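Asks: The file below is target04.csv, CSV, N, CA and C atoms:
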```csv
chain,number,residue,atom,x,y,z
A,1,MET,N,9.6,1.5,9.9
A,1,MET,CA,8.4,2.0,10.4
A,1,MET,C,7.4,0.8,10.5
A,2,SER,N,6.7,0.8,11.6
A,2,SER,CA,5.7,-0.3,11.8
A,2,SER,C,4.3,0.2,11.4
A,3,LEU,N,3.6,-0.8,11.0
A,3,LEU,CA,2.2,-0.6,10.6
A,3,LEU,C,1.3,-0.3,11.8
A,4,THR,N,0.4,0.6,11.7
A,4,THR,CA,-0.6,0.9,12.7
A,4,THR,C,-2.0,1.1,12.1
A,5,VAL,N,-3.0,1.0,13.0
A,5,VAL,CA,-4.4,1.1,12.5
A,5,VAL,C,-4.9,2.5,13.0
A,6,LYS,N,-5.5,3.2,12.1
A,6,LYS,CA,-6.1,4.5,12.4
A,6,LYS,C,-7.6,4.4,12.0
A,7,LYS,N,-8.4,5.0,12.9
A,7,LYS,CA,-9.9,5.0,12.7
A,7,LYS,C,-10.4,6.4,12.9
A,8,GLY,N,-11.3,6.8,12.1
A,8,GLY,CA,-11.9,8.1,12.3
A,8,GLY,C,-12.7,8.6,11.1
A,9,GLN,N,-13.1,9.9,11.1
A,9,GLN,CA,-13.9,10.4,10.0
A,9,GLN,C,-12.9,11.1,9.0
A,10,VAL,N,-13.3,11.0,7.7
A,10,VAL,CA,-12.5,11.6,6.6
A,10,VAL,C,-12.9,13.1,6.6
A,11,SER,N,-11.9,13.9,6.5
A,11,SER,CA,-12.2,15.4,6.3
A,11,SER,C,-11.2,16.0,5.4
A,12,ALA,N,-11.4,17.1,4.8
A,12,ALA,CA,-10.5,17.8,3.9
A,12,ALA,C,-10.0,17.0,2.8
A,13,LEU,N,-10.9,16.2,2.2
A,13,LEU,CA,-10.5,15.3,1.1
A,13,LEU,C,-10.2,16.0,-0.2
A,14,ASP,N,-9.0,15.7,-0.8
A,14,ASP,CA,-8.6,16.2,-2.0
A,14,ASP,C,-8.1,15.1,-2.9
A,15,GLN,N,-8.6,15.0,-4.1
A,15,GLN,CA,-8.3,13.9,-5.0
A,15,GLN,C,-7.6,14.5,-6.3
A,16,SER,N,-6.6,13.8,-6.8
A,16,SER,CA,-6.0,14.2,-8.0
A,16,SER,C,-5.6,12.9,-8.8
A,17,THR,N,-5.5,13.1,-10.1
A,17,THR,CA,-5.2,12.0,-11.0
A,17,THR,C,-3.9,12.3,-11.7
A,18,ARG,N,-2.9,11.4,-11.7
A,18,ARG,CA,-1.7,11.5,-12.4
A,18,ARG,C,-1.6,10.5,-13.5
A,19,THR,N,-1.4,10.9,-14.7
A,19,THR,CA,-1.3,9.9,-15.8
A,19,THR,C,0.1,9.8,-16.3
A,20,VAL,N,0.7,8.6,-16.3
A,20,VAL,CA,2.0,8.4,-16.8
A,20,VAL,C,2.0,7.4,-17.9
A,21,GLY,N,2.9,7.6,-18.9
A,21,GLY,CA,2.9,6.6,-20.0
A,21,GLY,C,4.1,6.7,-20.8
A,22,ARG,N,4.4,5.6,-21.4
A,22,ARG,CA,5.6,5.5,-22.3
A,22,ARG,C,5.4,4.3,-23.3
A,23,ASN,N,5.7,4.6,-24.5
A,23,ASN,CA,5.6,3.5,-25.5
A,23,ASN,C,4.2,2.9,-25.6
A,24,GLY,N,3.2,3.7,-25.5
A,24,GLY,CA,1.8,3.2,-25.7
A,24,GLY,C,1.2,2.7,-24.4
A,25,ASN,N,2.0,2.5,-23.4
A,25,ASN,CA,1.5,2.1,-22.1
A,25,ASN,C,1.1,3.3,-21.2
A,26,ILE,N,-0.2,3.4,-20.9
A,26,ILE,CA,-0.6,4.6,-20.1
A,26,ILE,C,-1.3,4.1,-18.8
A,27,ASN,N,-0.8,4.6,-17.7
A,27,ASN,CA,-1.4,4.3,-16.4
A,27,ASN,C,-1.9,5.5,-15.7
A,28,SER,N,-3.0,5.4,-15.0
A,28,SER,CA,-3.5,6.5,-14.2
A,28,SER,C,-3.3,6.2,-12.7
A,29,ILE,N,-2.9,7.1,-11.9
A,29,ILE,CA,-2.7,6.9,-10.5
A,29,ILE,C,-3.6,7.9,-9.8
A,30,GLN,N,-4.5,7.4,-9.0
A,30,GLN,CA,-5.4,8.2,-8.2
A,30,GLN,C,-4.7,8.5,-6.9
A,31,SER,N,-4.6,9.8,-6.5
A,31,SER,CA,-4.0,10.2,-5.3
A,31,SER,C,-5.1,10.9,-4.4
A,32,TYR,N,-5.2,10.4,-3.2
A,32,TYR,CA,-6.1,11.0,-2.2
A,32,TYR,C,-5.4,11.5,-1.0
A,33,VAL,N,-5.6,12.8,-0.7
A,33,VAL,CA,-5.0,13.4,0.5
A,33,VAL,C,-6.1,13.9,1.4
A,34,PHE,N,-6.1,13.5,2.7
A,34,PHE,CA,-7.2,13.8,3.5
A,34,PHE,C,-6.8,13.7,5.0
A,35,ARG,N,-7.7,14.0,5.9
A,35,ARG,CA,-7.4,13.8,7.3
A,35,ARG,C,-8.3,12.7,7.9
A,36,ILE,N,-7.7,11.9,8.8
A,36,ILE,CA,-8.4,10.9,9.6
A,36,ILE,C,-8.4,11.5,11.0
A,37,GLY,N,-9.5,12.1,11.4
A,37,GLY,CA,-9.5,12.9,12.6
A,37,GLY,C,-8.6,14.1,12.5
A,38,THR,N,-7.4,14.1,13.2
A,38,THR,CA,-6.5,15.2,13.1
A,38,THR,C,-5.2,14.8,12.4
A,39,THR,N,-5.2,13.5,11.9
A,39,THR,CA,-4.0,13.0,11.3
A,39,THR,C,-4.0,13.2,9.7
A,40,ALA,N,-3.0,13.8,9.2
A,40,ALA,CA,-2.9,13.9,7.7
A,40,ALA,C,-2.6,12.5,7.1
A,41,ALA,N,-3.4,12.1,6.1
A,41,ALA,CA,-3.2,10.8,5.5
A,41,ALA,C,-3.2,10.9,3.9
A,42,SER,N,-2.5,9.9,3.3
A,42,SER,CA,-2.5,9.9,1.9
A,42,SER,C,-2.7,8.5,1.4
A,43,LEU,N,-3.3,8.3,0.2
A,43,LEU,CA,-3.6,7.0,-0.4
A,43,LEU,C,-3.4,7.2,-1.9
A,44,GLN,N,-2.7,6.2,-2.4
A,44,GLN,CA,-2.5,6.1,-3.9
A,44,GLN,C,-3.0,4.8,-4.4
A,45,MET,N,-3.9,4.9,-5.5
A,45,MET,CA,-4.5,3.7,-6.0
A,45,MET,C,-4.4,3.8,-7.5
A,46,THR,N,-4.5,2.6,-8.2
A,46,THR,CA,-4.6,2.6,-9.7
A,46,THR,C,-6.0,2.7,-10.1
A,47,SER,N,-7.0,2.6,-9.2
A,47,SER,CA,-8.4,2.8,-9.6
A,47,SER,C,-9.0,3.8,-8.6
A,48,SER,N,-10.2,4.3,-9.0
A,48,SER,CA,-10.8,5.3,-8.1
A,48,SER,C,-11.5,4.5,-6.9
A,49,VAL,N,-11.8,5.2,-5.9
A,49,VAL,CA,-12.2,4.6,-4.7
A,49,VAL,C,-13.4,5.4,-4.1
A,50,SER,N,-14.3,4.8,-3.4
A,50,SER,CA,-15.5,5.4,-2.8
A,50,SER,C,-15.1,6.0,-1.5
A,51,LEU,N,-14.8,7.3,-1.5
A,51,LEU,CA,-14.3,8.0,-0.3
A,51,LEU,C,-14.8,9.5,-0.4
A,52,HIS,N,-15.5,9.9,0.7
A,52,HIS,CA,-16.1,11.3,0.7
A,52,HIS,C,-15.9,11.9,2.1
A,53,ASP,N,-15.9,13.2,2.2
A,53,ASP,CA,-15.9,13.9,3.5
A,53,ASP,C,-17.0,13.3,4.4
A,54,GLY,N,-16.6,13.0,5.6
A,54,GLY,CA,-17.6,12.5,6.6
A,54,GLY,C,-17.7,11.0,6.7
A,55,ASP,N,-17.1,10.3,5.8
A,55,ASP,CA,-17.1,8.8,5.8
A,55,ASP,C,-16.3,8.4,7.0
A,56,ALA,N,-16.7,7.3,7.6
A,56,ALA,CA,-16.0,6.6,8.7
A,56,ALA,C,-15.0,5.7,8.0
A,57,ILE,N,-13.7,5.7,8.4
A,57,ILE,CA,-12.7,4.9,7.7
A,57,ILE,C,-11.8,4.2,8.8
A,58,THR,N,-11.4,2.9,8.4
A,58,THR,CA,-10.4,2.2,9.2
A,58,THR,C,-9.3,2.0,8.2
A,59,ALA,N,-8.1,2.5,8.6
A,59,ALA,CA,-6.9,2.4,7.7
A,59,ALA,C,-5.7,1.8,8.4
A,60,VAL,N,-4.9,1.0,7.6
A,60,VAL,CA,-3.7,0.5,8.1
A,60,VAL,C,-2.6,1.1,7.3
A,61,GLY,N,-1.5,1.6,7.9
A,61,GLY,CA,-0.4,2.2,7.2
A,61,GLY,C,0.7,2.5,8.2
A,62,GLU,N,1.5,3.4,7.7
A,62,GLU,CA,2.7,3.9,8.5
A,62,GLU,C,2.9,5.3,8.3
A,63,THR,N,3.4,6.0,9.4
A,63,THR,CA,3.6,7.4,9.3
A,63,THR,C,5.0,7.7,8.8
A,64,LYS,N,5.1,8.5,7.8
A,64,LYS,CA,6.4,8.9,7.2
A,64,LYS,C,6.3,10.4,7.0
A,65,LYS,N,7.2,11.1,7.6
A,65,LYS,CA,7.3,12.6,7.4
A,65,LYS,C,6.0,13.3,7.8
A,66,GLY,N,5.4,12.8,8.9
A,66,GLY,CA,4.2,13.4,9.4
A,66,GLY,C,2.9,13.1,8.7
A,67,THR,N,3.0,12.2,7.7
A,67,THR,CA,1.8,11.8,6.9
A,67,THR,C,1.6,10.3,7.0
A,68,PHE,N,0.3,9.9,7.3
A,68,PHE,CA,0.0,8.5,7.4
A,68,PHE,C,-0.2,8.0,6.0
A,69,LYS,N,0.7,7.1,5.6
A,69,LYS,CA,0.7,6.5,4.2
A,69,LYS,C,-0.2,5.2,4.4
A,70,ILE,N,-1.3,5.2,3.7
A,70,ILE,CA,-2.2,4.1,3.8
A,70,ILE,C,-1.8,2.9,2.9
A,71,HIS,N,-1.8,1.7,3.5
A,71,HIS,CA,-1.5,0.5,2.7
A,71,HIS,C,-2.8,-0.3,2.4
A,72,ALA,N,-3.8,-0.3,3.4
A,72,ALA,CA,-5.1,-0.9,3.2
A,72,ALA,C,-6.1,-0.1,4.0
A,73,PHE,N,-7.3,-0.1,3.5
A,73,PHE,CA,-8.4,0.6,4.2
A,73,PHE,C,-9.7,0.0,4.0
A,74,ARG,N,-10.7,0.4,4.9
A,74,ARG,CA,-12.0,0.0,4.7
A,74,ARG,C,-12.9,1.2,5.0
A,75,ASN,N,-13.8,1.5,4.1
A,75,ASN,CA,-14.7,2.6,4.3
A,75,ASN,C,-15.9,2.0,5.1
A,76,GLU,N,-16.1,2.4,6.3
A,76,GLU,CA,-17.1,1.8,7.2
A,76,GLU,C,-18.5,2.3,6.8
A,77,THR,N,-18.6,3.5,6.1
A,77,THR,CA,-19.8,4.0,5.7
A,77,THR,C,-20.4,3.3,4.5
A,78,THR,N,-19.6,3.0,3.5
A,78,THR,CA,-20.1,2.4,2.3
A,78,THR,C,-19.7,0.9,2.2
A,79,GLY,N,-18.8,0.5,2.9
A,79,GLY,CA,-18.3,-0.9,2.9
A,79,GLY,C,-17.2,-1.2,1.9
A,80,ALA,N,-16.8,-0.1,1.1
A,80,ALA,CA,-15.8,-0.3,0.1
A,80,ALA,C,-14.4,-0.5,0.9
A,81,TYR,N,-13.5,-1.3,0.3
A,81,TYR,CA,-12.2,-1.5,0.9
A,81,TYR,C,-11.2,-1.8,-0.2
A,82,SER,N,-10.0,-1.7,0.3
A,82,SER,CA,-8.8,-2.0,-0.6
A,82,SER,C,-7.7,-2.6,0.2
A,83,GLU,N,-7.3,-3.7,-0.3
A,83,GLU,CA,-6.2,-4.5,0.3
A,83,GLU,C,-5.1,-4.7,-0.7
A,84,PRO,N,-3.8,-4.6,-0.3
A,84,PRO,CA,-2.7,-4.9,-1.2
A,84,PRO,C,-2.6,-6.4,-1.6
A,85,SER,N,-2.2,-6.7,-2.7
A,85,SER,CA,-1.9,-8.1,-3.1
A,85,SER,C,-0.5,-8.5,-2.7
A,86,ALA,N,-0.4,-9.5,-1.9
A,86,ALA,CA,0.9,-10.0,-1.5
A,86,ALA,C,1.4,-11.1,-2.3
A,87,LEU,N,0.6,-11.8,-3.0
A,87,LEU,CA,1.0,-13.1,-3.7
A,87,LEU,C,2.0,-12.8,-4.8
A,88,VAL,N,1.7,-11.9,-5.7
A,88,VAL,CA,2.5,-11.6,-6.9
A,88,VAL,C,3.9,-11.1,-6.4
A,89,THR,N,3.9,-10.2,-5.4
A,89,THR,CA,5.1,-9.7,-4.9
A,89,THR,C,6.0,-10.8,-4.2
A,90,ALA,N,5.3,-11.7,-3.5
A,90,ALA,CA,6.0,-12.9,-2.9
A,90,ALA,C,6.6,-13.8,-4.0
A,91,ILE,N,5.9,-14.0,-5.0
A,91,ILE,CA,6.4,-14.9,-6.1
A,91,ILE,C,7.7,-14.2,-6.8
A,92,TYR,N,7.6,-12.9,-7.1
A,92,TYR,CA,8.7,-12.2,-7.6
A,92,TYR,C,9.9,-12.3,-6.6
A,93,GLY,N,9.6,-12.1,-5.3
A,93,GLY,CA,10.7,-12.2,-4.3
A,93,GLY,C,11.4,-13.5,-4.3
A,94,ILE,N,10.6,-14.6,-4.2
A,94,ILE,CA,11.1,-15.9,-4.2
A,94,ILE,C,12.0,-16.2,-5.4
A,95,CYS,N,11.4,-15.9,-6.6
A,95,CYS,CA,12.2,-16.1,-7.8
A,95,CYS,C,13.5,-15.4,-7.8
A,96,LEU,N,13.5,-14.1,-7.4
A,96,LEU,CA,14.7,-13.3,-7.4
A,96,LEU,C,15.7,-13.8,-6.4
A,97,VAL,N,15.3,-14.3,-5.2
A,97,VAL,CA,16.2,-14.8,-4.2
A,97,VAL,C,16.8,-16.1,-4.7
A,98,VAL,N,16.0,-17.0,-5.3
A,98,VAL,CA,16.6,-18.2,-5.8
A,98,VAL,C,17.5,-17.9,-7.0
A,99,LEU,N,17.1,-17.1,-7.9
A,99,LEU,CA,18.0,-16.7,-9.0
A,99,LEU,C,19.3,-16.0,-8.5
A,100,GLY,N,19.1,-15.2,-7.5
A,100,GLY,CA,20.3,-14.5,-6.9
A,100,GLY,C,21.3,-15.5,-6.3
A,101,ALA,N,20.7,-16.5,-5.6
A,101,ALA,CA,21.5,-17.5,-4.9
A,101,ALA,C,22.3,-18.3,-5.9
A,102,ILE,N,21.6,-18.7,-7.0
A,102,ILE,CA,22.3,-19.5,-8.1
A,102,ILE,C,23.4,-18.7,-8.8
A,103,THR,N,23.1,-17.4,-9.0
A,103,THR,CA,24.1,-16.6,-9.8
A,103,THR,C,25.0,-15.8,-8.9
A,104,PHE,N,25.0,-16.1,-7.7
A,104,PHE,CA,25.9,-15.3,-6.7
A,104,PHE,C,27.3,-15.4,-7.1
A,105,VAL,N,27.7,-16.5,-7.6
A,105,VAL,CA,29.1,-16.7,-8.0
A,105,VAL,C,29.5,-15.8,-9.2
A,106,PHE,N,28.5,-15.5,-10.1
A,106,PHE,CA,28.8,-14.6,-11.2
A,106,PHE,C,28.6,-13.1,-10.9
A,107,LEU,N,28.5,-12.8,-9.7
A,107,LEU,CA,28.3,-11.4,-9.2
A,107,LEU,C,27.0,-10.8,-9.5
A,108,ILE,N,26.2,-11.3,-10.4
A,108,ILE,CA,24.9,-10.7,-10.7
A,108,ILE,C,23.9,-11.1,-9.5
A,109,GLY,N,24.2,-12.1,-8.8
A,109,GLY,CA,23.4,-12.5,-7.6
A,109,GLY,C,23.5,-11.5,-6.5
A,110,MET,N,24.6,-10.7,-6.5
A,110,MET,CA,24.8,-9.7,-5.5
A,110,MET,C,23.8,-8.6,-5.7
A,111,VAL,N,23.3,-8.4,-6.9
A,111,VAL,CA,22.2,-7.5,-7.2
A,111,VAL,C,20.8,-8.1,-7.0
A,112,LEU,N,20.7,-9.3,-7.5
A,112,LEU,CA,19.3,-9.9,-7.5
A,112,LEU,C,18.9,-10.3,-6.1
A,113,LEU,N,19.8,-10.8,-5.3
A,113,LEU,CA,19.5,-11.2,-3.9
A,113,LEU,C,18.9,-10.1,-3.1
A,114,PRO,N,19.5,-8.9,-3.0
A,114,PRO,CA,18.9,-7.8,-2.2
A,114,PRO,C,17.5,-7.4,-2.7
A,115,ILE,N,17.4,-7.4,-4.1
A,115,ILE,CA,16.1,-7.0,-4.7
A,115,ILE,C,15.0,-8.0,-4.3
A,116,GLY,N,15.4,-9.3,-4.4
A,116,GLY,CA,14.4,-10.4,-4.0
A,116,GLY,C,14.0,-10.3,-2.5
A,117,ILE,N,15.0,-10.0,-1.6
A,117,ILE,CA,14.7,-9.8,-0.2
A,117,ILE,C,13.8,-8.6,0.0
A,118,TYR,N,14.0,-7.5,-0.8
A,118,TYR,CA,13.1,-6.4,-0.7
A,118,TYR,C,11.7,-6.7,-1.1
A,119,PHE,N,11.5,-7.5,-2.2
A,119,PHE,CA,10.2,-7.9,-2.6
A,119,PHE,C,9.5,-8.8,-1.5
A,120,LEU,N,10.3,-9.7,-0.9
A,120,LEU,CA,9.7,-10.5,0.1
A,120,LEU,C,9.3,-9.6,1.3
A,121,TYR,N,10.1,-8.6,1.7
A,121,TYR,CA,9.7,-7.7,2.8
A,121,TYR,C,8.4,-7.0,2.4
A,122,LYS,N,8.3,-6.5,1.2
A,122,LYS,CA,7.1,-5.8,0.8
A,122,LYS,C,5.9,-6.7,0.8
A,123,SER,N,6.1,-7.9,0.4
A,123,SER,CA,5.0,-8.9,0.4
A,123,SER,C,4.5,-9.2,1.9
A,124,TRP,N,5.5,-9.4,2.8
A,124,TRP,CA,5.2,-9.6,4.2
A,124,TRP,C,4.4,-8.4,4.8
A,125,LYS,N,4.8,-7.2,4.4
A,125,LYS,CA,4.2,-6.0,4.9
A,125,LYS,C,2.7,-5.9,4.4
A,126,ALA,N,2.5,-6.3,3.1
A,126,ALA,CA,1.2,-6.3,2.5
A,126,ALA,C,0.3,-7.3,3.2
A,127,HIS,N,0.8,-8.5,3.5
A,127,HIS,CA,0.1,-9.5,4.2
A,127,HIS,C,-0.3,-9.1,5.6
A,128,LYS,N,0.6,-8.5,6.3
A,128,LYS,CA,0.4,-8.0,7.6
A,128,LYS,C,-0.7,-6.9,7.6
A,129,ALA,N,-0.6,-6.0,6.6
A,129,ALA,CA,-1.6,-4.9,6.6
A,129,ALA,C,-3.0,-5.5,6.3
A,130,LYS,N,-3.1,-6.5,5.5
A,130,LYS,CA,-4.4,-7.1,5.2
A,130,LYS,C,-5.0,-7.8,6.5
A,131,ARG,N,-4.1,-8.5,7.2
A,131,ARG,CA,-4.5,-9.2,8.5
A,131,ARG,C,-4.9,-8.1,9.5
A,132,MET,N,-4.2,-7.0,9.7
A,132,MET,CA,-4.5,-6.0,10.6
A,132,MET,C,-5.8,-5.4,10.3
A,133,LEU,N,-6.1,-5.1,9.0
A,133,LEU,CA,-7.4,-4.5,8.6
A,133,LEU,C,-8.6,-5.5,8.9
A,134,ARG,N,-8.4,-6.7,8.6
A,134,ARG,CA,-9.5,-7.7,8.9
A,134,ARG,C,-9.7,-7.9,10.4
A,135,ASN,N,-8.7,-7.7,11.2
A,135,ASN,CA,-8.9,-7.9,12.7
A,135,ASN,C,-9.4,-6.6,13.3
A,136,ALA,N,-9.3,-5.5,12.7
A,136,ALA,CA,-9.7,-4.2,13.3
A,136,ALA,C,-11.2,-4.0,13.1
A,137,SER,N,-11.9,-3.6,14.2
A,137,SER,CA,-13.3,-3.2,14.1
A,137,SER,C,-13.3,-1.7,14.3
A,138,PHE,N,-14.3,-1.0,13.8
A,138,PHE,CA,-14.3,0.4,13.8
A,138,PHE,C,-14.6,0.9,15.2
A,139,ARG,N,-15.3,0.3,16.0
A,139,ARG,CA,-15.7,0.8,17.3
A,139,ARG,C,-14.5,0.8,18.3
```
Here is a file; write its structure as structure tokens.

Replies:
Amino acid sequence: MSLTVKKGQVSALDQSTRTVGRNGNINSIQSYVFRIGTTAASLQMTSSVSLHDGDAITAVGETKKGTFKIHAFRNETTGAYSEPSALVTAIYGICLVVLGAITFVFLIGMVLLPIGIYFLYKSWKAHKAKRMLRNASFR
């Protein structure tokens, strides 16, 4: 799926919080489901976000199963925005690819190499989403 930019007004906003934890580590995930114009959209964040019905939004994401999954967004009404971090994912990807290449002879590299390539792909996608959001104007 390719990344696209959607612009419009937020409507039918629904927010929920999911808390997951194990061994003393507890994380909360904020889920937002809403419409951008007539398009169903969803956003998942580890922190809450300034988003209300009627806000103008510019979002970058991809459509999966009829829902626009948001990777990066900017609330044009309040100025709030969220962009994914590509650096940490890229570092993990590079380390896993190098380690996979070194250990390929021992067969563990056959597992590490594809995982590293996947991390590099996710990092590239995050970087592309940030660039698309910065280049998009609301008008």

Asks: When you count all atoms listed in the file, which of these residues is closest to Arg18 of chain A: A:Ser31, A:Gly93, A:Ala40, A:Met132?

Replies: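 Checking each candidate against Arg18 of chain A, we get A:Ser31 as the closest.
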
Asks: If we count all atoms listed in the file and set the cut-off at 5 Å, which residues sit around segment 46-52 of chain A, ignoring sequence neighbours fewer than 4 positions away in its own chain? Please answer as a PDB file with N, CA and C atoms, in the coordinates of the input.

Replies:
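Output file selection-v6.pdb is given in full below:
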```pdb
ATOM      1  N   SER A  28      -3.000   5.400 -15.000  1.00  0.00           N
ATOM      2  CA  SER A  28      -3.500   6.500 -14.200  1.00  0.00           C
ATOM      3  C   SER A  28      -3.300   6.200 -12.700  1.00  0.00           C
ATOM      4  N   ILE A  29      -2.900   7.100 -11.900  1.00  0.00           N
ATOM      5  CA  ILE A  29      -2.700   6.900 -10.500  1.00  0.00           C
ATOM      6  C   ILE A  29      -3.600   7.900  -9.800  1.00  0.00           C
ATOM      7  N   GLN A  30      -4.500   7.400  -9.000  1.00  0.00           N
ATOM      8  CA  GLN A  30      -5.400   8.200  -8.200  1.00  0.00           C
ATOM      9  C   GLN A  30      -4.700   8.500  -6.900  1.00  0.00           C
TER      10      GLN A  30
END
```

Asks: Ile94 of chain A: which residues within 12 Å, counting only C-alpha atoms, same-chain residues fewer than 3 positions away excluded, as a ChimeraX atom specification?

Replies: /A:87-91,97-101,112-123

Asks: Pick the closest to Asp14 of chain A from A:Cys95, A:Thr67, A:Ala129, A:Tyr32: which is it, counting all atoms listed in the file?

Replies: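 Answer, going by the shortest atom-to-atom distance: A:Tyr32.
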
Asks: Given the choices A:Val111, A:Val10, A:Ile36, A:Val20, which gets closest to Ala56 of chain A if the distance is worked out from only N, CA and C atoms?

Replies: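 Nearest candidate to Ala56 of chain A out of A:Val111, A:Val10, A:Ile36, A:Val20: A:Val10.
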
Asks: Using Å and a single decimal, report how far atom CA of Gln44 of chain A sits from atom CA of Glu83 of chain A.

Replies: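 Pair atom CA of Glu83 of chain A / atom CA of Gln44 of chain A returns 12.0 Å.
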
Asks: Rounded to one decimal place, report the atom C of Phe68 of chain A-atom CA of Gly21 of chain A distance in Å.

Replies: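 Computed distance, atom C of Phe68 of chain A to atom CA of Gly21 of chain A, equals 26.2 Å.
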
Asks: Between A:Leu96, A:Ser16, A:Ser42, A:Thr58, which residue has the minimum interatomic distance to Ala136 of chain A, considering all atoms listed in the file?

Replies: A:Thr58

Asks: Taking the DSSP assignment computed from this structure's backbone, write out as a CSV table (one decimal) with N, CA and C atoms, keeping the file's coordinate frame all residues of segment 23-72 of chain A that belong to strand (DSSP E).

Replies:
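states36.csv written:
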```csv
chain,number,residue,atom,x,y,z
A,25,ASN,N,2.0,2.5,-23.4
A,25,ASN,CA,1.5,2.1,-22.1
A,25,ASN,C,1.1,3.3,-21.2
A,26,ILE,N,-0.2,3.4,-20.9
A,26,ILE,CA,-0.6,4.6,-20.1
A,26,ILE,C,-1.3,4.1,-18.8
A,27,ASN,N,-0.8,4.6,-17.7
A,27,ASN,CA,-1.4,4.3,-16.4
A,27,ASN,C,-1.9,5.5,-15.7
A,28,SER,N,-3.0,5.4,-15.0
A,28,SER,CA,-3.5,6.5,-14.2
A,28,SER,C,-3.3,6.2,-12.7
A,29,ILE,N,-2.9,7.1,-11.9
A,29,ILE,CA,-2.7,6.9,-10.5
A,29,ILE,C,-3.6,7.9,-9.8
A,30,GLN,N,-4.5,7.4,-9.0
A,30,GLN,CA,-5.4,8.2,-8.2
A,30,GLN,C,-4.7,8.5,-6.9
A,31,SER,N,-4.6,9.8,-6.5
A,31,SER,CA,-4.0,10.2,-5.3
A,31,SER,C,-5.1,10.9,-4.4
A,32,TYR,N,-5.2,10.4,-3.2
A,32,TYR,CA,-6.1,11.0,-2.2
A,32,TYR,C,-5.4,11.5,-1.0
A,33,VAL,N,-5.6,12.8,-0.7
A,33,VAL,CA,-5.0,13.4,0.5
A,33,VAL,C,-6.1,13.9,1.4
A,34,PHE,N,-6.1,13.5,2.7
A,34,PHE,CA,-7.2,13.8,3.5
A,34,PHE,C,-6.8,13.7,5.0
A,35,ARG,N,-7.7,14.0,5.9
A,35,ARG,CA,-7.4,13.8,7.3
A,35,ARG,C,-8.3,12.7,7.9
A,36,ILE,N,-7.7,11.9,8.8
A,36,ILE,CA,-8.4,10.9,9.6
A,36,ILE,C,-8.4,11.5,11.0
A,39,THR,N,-5.2,13.5,11.9
A,39,THR,CA,-4.0,13.0,11.3
A,39,THR,C,-4.0,13.2,9.7
A,40,ALA,N,-3.0,13.8,9.2
A,40,ALA,CA,-2.9,13.9,7.7
A,40,ALA,C,-2.6,12.5,7.1
A,41,ALA,N,-3.4,12.1,6.1
A,41,ALA,CA,-3.2,10.8,5.5
A,41,ALA,C,-3.2,10.9,3.9
A,42,SER,N,-2.5,9.9,3.3
A,42,SER,CA,-2.5,9.9,1.9
A,42,SER,C,-2.7,8.5,1.4
A,43,LEU,N,-3.3,8.3,0.2
A,43,LEU,CA,-3.6,7.0,-0.4
A,43,LEU,C,-3.4,7.2,-1.9
A,44,GLN,N,-2.7,6.2,-2.4
A,44,GLN,CA,-2.5,6.1,-3.9
A,44,GLN,C,-3.0,4.8,-4.4
A,45,MET,N,-3.9,4.9,-5.5
A,45,MET,CA,-4.5,3.7,-6.0
A,45,MET,C,-4.4,3.8,-7.5
A,56,ALA,N,-16.7,7.3,7.6
A,56,ALA,CA,-16.0,6.6,8.7
A,56,ALA,C,-15.0,5.7,8.0
A,57,ILE,N,-13.7,5.7,8.4
A,57,ILE,CA,-12.7,4.9,7.7
A,57,ILE,C,-11.8,4.2,8.8
A,58,THR,N,-11.4,2.9,8.4
A,58,THR,CA,-10.4,2.2,9.2
A,58,THR,C,-9.3,2.0,8.2
A,59,ALA,N,-8.1,2.5,8.6
A,59,ALA,CA,-6.9,2.4,7.7
A,59,ALA,C,-5.7,1.8,8.4
A,60,VAL,N,-4.9,1.0,7.6
A,60,VAL,CA,-3.7,0.5,8.1
A,60,VAL,C,-2.6,1.1,7.3
A,61,GLY,N,-1.5,1.6,7.9
A,61,GLY,CA,-0.4,2.2,7.2
A,61,GLY,C,0.7,2.5,8.2
A,62,GLU,N,1.5,3.4,7.7
A,62,GLU,CA,2.7,3.9,8.5
A,62,GLU,C,2.9,5.3,8.3
A,63,THR,N,3.4,6.0,9.4
A,63,THR,CA,3.6,7.4,9.3
A,63,THR,C,5.0,7.7,8.8
A,64,LYS,N,5.1,8.5,7.8
A,64,LYS,CA,6.4,8.9,7.2
A,64,LYS,C,6.3,10.4,7.0
A,67,THR,N,3.0,12.2,7.7
A,67,THR,CA,1.8,11.8,6.9
A,67,THR,C,1.6,10.3,7.0
A,68,PHE,N,0.3,9.9,7.3
A,68,PHE,CA,0.0,8.5,7.4
A,68,PHE,C,-0.2,8.0,6.0
A,69,LYS,N,0.7,7.1,5.6
A,69,LYS,CA,0.7,6.5,4.2
A,69,LYS,C,-0.2,5.2,4.4
A,70,ILE,N,-1.3,5.2,3.7
A,70,ILE,CA,-2.2,4.1,3.8
A,70,ILE,C,-1.8,2.9,2.9
A,71,HIS,N,-1.8,1.7,3.5
A,71,HIS,CA,-1.5,0.5,2.7
A,71,HIS,C,-2.8,-0.3,2.4
A,72,ALA,N,-3.8,-0.3,3.4
A,72,ALA,CA,-5.1,-0.9,3.2
A,72,ALA,C,-6.1,-0.1,4.0
```

Asks: Report, in Å to a single decimal, how far apart atom CA of Thr77 of chain A and atom CA of Thr17 of chain A are.

Replies: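 Result for atom CA of Thr17 of chain A versus atom CA of Thr77 of chain A: 23.6 Å, one decimal.
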
Asks: Have a look at A:Arg131, A:Leu3, A:Arg35, A:Ser137 and name the one nearest to Thr63 of chain A; count all atoms listed in the file.

Replies: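 Under the stated criterion, the closest residue is A:Leu3.
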